[in-house]
Each structure stands twice: as structure tokens, then as C-alpha cells.
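Q: Please read through the structure below; I'll follow up with questions.
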Amino acid sequence: MPSEYTALVAALKLCSTPIAEYGWKARPEGAYRTIQLDFEAGSLDADGWKADRAWEGSIDQYYPKLTDRDDLNEEVEEILTEILGNSWSLNSTQYESGTGLFHVEWVFQCVDTPEEPAPEPEGEGGDDDGVQDDG
Amino acid sequence: MAYRMTVDGLTEFSGLLDKLGNSAQSVASQALYEGAGMMAEAINKGAEAIKTEPFHYAREGTRLPSPEEKAIVEAASAGIAKFDKGADSVDTSIGFRNAGYAMLGNKEKPIPQIVNAINSGTSFMQKQPFVRSASTKAKTKVLTAMKEKIESSFDAITKETTGG
């Protein structure tokens with residue numbers, strides 16, 4: 001699993017809306033989300049080795065008609081921007097007449113960034129947010 | 001003292017520039033025609049890889065498309081829209097938008113709806129993004145082919161004007 005994808009799943013699990021990886025066995029009531037990696041979008045080859053790999057994945061959000069959808073959408077988009085920067089886009093919005101659910105789909109591309117000891121150029125380590133765990 | 005300078009071929013060069021400017025749109029159209037064909041082929045090939053299972057209603061989780069649904073998508077095949085030639089661009093779109101209707105069981109269903117349900121997923125169907133995966137994977141190949149086509153067309157025009 002690419003590290004950016006696991007970070008995304010972890011961040012979405014902290015939200016109040018239920019989320020499942022690779023679909024649901026039993027659908028929950030109300031709004032819910034699914035996240036999955038779809039396929040390998042490309043790789044950087046060097047000397048017969050895959051130097052860097054990229055994956056494309058998607059987040060699907062389903063919600064019934066009378067939900068405050070702006071909050072739900074903003075939540076996902078803020079998390080995507082925080083973790084992936086600009087490598088995501090809103091792919092489609094649609095309405096299922098059979099079930100009365102709205103369906104929003106985001107597509108993102110992520111890579112596996114190896115954890116390096118981040119060089120601390122200046123500052124005495126005063127403002128540690130607890131985001132990076134070295135060692 | 002007065003000097004006179006003579007440059008050979010300047011009229012030919014300006015003629016070439018005129019000709020390149022006039023034929024830019026047709027060159028772009030030719031390249032786009034080739035690229036769009038390659039992309040449509042890639043999408044149709046992607047449709048062959050759709051996973052299926054015998055039809056059942058998904059009351060709890062999600063289901064895969066039935067073999068009948070897959071057969072409809074494969075028979076429809078992605079189409080290329082009429083080229084929209086603007087002032088400085090040539091645009092087209094590839095997909096199933098005008099694929100029409102098909103009989104599913106005893107009901108007539110729009111084909112774009114079936115394709116969208118498989119490609120994008122619904123609350124009761126597992127998503128298999130075959131259009132998106134085909135376009136992402138074929139993009140580099142298609143762009144390279146289009147670039148080569150444009151270069152060869154311009155080479156041909158240059159030879160025609162200056163050499164002939």
C-alpha cells in the first residue's frame with residue numbers, strides 16, 4: 001500500500017461519516033463513503049527497475065437527499081488537499097433514481113513516499129506538531 | 001556608400017509561413033483523428049476485461065455486472081464525436097454518450113447508463129473504472145503518436161513548398 005493512501009484512509013476514518021475500503025458487505029444507513037485504489041497509473045523506470053510508482057484511486061460518497069452535502073464534500077476535499085496537494089479532482093456527481101441517493105466521486109493519484117529523516121535546517125525543534133515520527 | 005543585400009529564398013520562406021498557417025487546422029485534425037482512434041480502441045479493449053457474475057439483486061452489499069450487461073457494453077463500443085473546429089483548436093470527445101438503447105431482460109435501457117454504472121459504480125454495483133484506466137494508460141502513447149503525426153505533416157508541407 002502506498003504511504004499516501006494509508007494516510008488518506010487514516011484521516012478519513014477520523015471523520016464521523018462511515019468509510020470502508022473496497023466497498024461494503026452491508027450498506028449503512030444515511031451518508032457513507034468508500035475508498036479504493038483502482039489501478040497503477042504509471043511508473044518511472046530506471047535501469048530495468050521501477051524507480052517510482054504511482055497509483056490512481058477513487059473516493060465515492062453516497063448520501064440521501066436531505067443531507068447538508070456541502071459540509072460532507074468540503075471535509076473530503078480538505079483532507080485530499082492536505083495529504084495529496086493538487087493531485088486530485090472531482091470526477092462526477094450523479095443521482096440514483098432507484099435508491100434516491102446522490103453519488104459524488106473524487107479521483108486521486110498517489111505515490112509511495114519513503115520515510116526519510118527530515119533535515120531540520122534551523123529552529124530548536126520548538127514547534128513539533130506530532131505529525132512526523134522520527135525513529 | 002550604399003550597400004545592397006540580396007537574400008535568396010525569402011519569398012519562399014514567407015510563402016511557407018503562409019501555407020503552414022493555413023494548413024494548421026487540417027494538420028491538427030489529422031493528428032486528432034489518429035489519436036482519437038487509438039484512444040477509442042484502448043477503451044474498447046478495456047471493456048473486454050470487465051468482471052461479471054450471474055445476475056442477482058444486491059440487497060446487502062454490492063454486485064458485479066451480469067454477463068448480459070457486459071455484452072451490451074462490448075457490442076456498443078466507444079464512439080468518436082464530430083470534430084468541433086474552433087478558431088484555434090480542434091476538439092472531440094470519446095465515449096458512449098450517443099450509444100443508444102439496448103434490451104436488458106424485457107426492458108429498454110440507455111447504454112450510457114449501463115456503462116456509467118459499471119465504470120463509476122453505484123450504491124449496489126462494484127465499480128470497475130475501465131474507461132478511466134484505459135485513458136490514463138493510453139494517454140502517453142496517444143500523445144506521442146499525435147506529435148509524430150503533426151511533425152511528419154509539417155515536414156511534408158515544408159518539402160512541398162521549398163523543394164518542389
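Chain lettering (A, B, ...) mirrors the order of the C-alpha cells, residue numbering begins at 1 for each chain separately, and ligand numbering begins at 1 in order of display.
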Would you kindly return, as an NGL selection string, each protein, DNA or RNA residue with an atom no farther than 8 Å from any atom of B:Thr162, considering only C-alpha atoms and excluding same-chain residues fewer than 6 positions away?

A: :B and (12-13 or 16)

Q: Taking only C-alpha atoms into account, find every residue of chain B that has an atom no more than 7 Å from chain A, and write it out as a list of chain:residue names.

A: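 Result: B:Glu60, B:Gly61, B:Thr62, B:Ser133, B:Thr136, B:Lys137.
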
Q: With C-alpha atoms retained, could you export that selection as an mmCIF file, in the first residue's frame?

A:
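What landed in again02.cif:
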data_model
loop_
_atom_site.group_PDB
_atom_site.id
_atom_site.type_symbol
_atom_site.label_atom_id
_atom_site.label_comp_id
_atom_site.auth_asym_id
_atom_site.auth_seq_id
_atom_site.Cartn_x
_atom_site.Cartn_y
_atom_site.Cartn_z
ATOM 1 C CA GLU B 60 -26.936 -6.020 1.246
ATOM 2 C CA GLY B 61 -23.610 -5.149 -0.340
ATOM 3 C CA THR B 62 -22.605 -4.655 -3.961
ATOM 4 C CA SER B 133 -7.926 3.206 -16.602
ATOM 5 C CA THR B 136 -4.850 7.078 -18.187
ATOM 6 C CA LYS B 137 -2.732 4.230 -19.530
#

Q: Would you mind listing what lies within 8 Å of B:Val27 as a list in words, with only C-alpha atoms counted and same-chain residues fewer than 3 positions away left out?

A: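 The residues satisfying every condition are Ser23, Ala24, Gln30, Ala31, Ile150, Ser153 and Phe154 of chain B.
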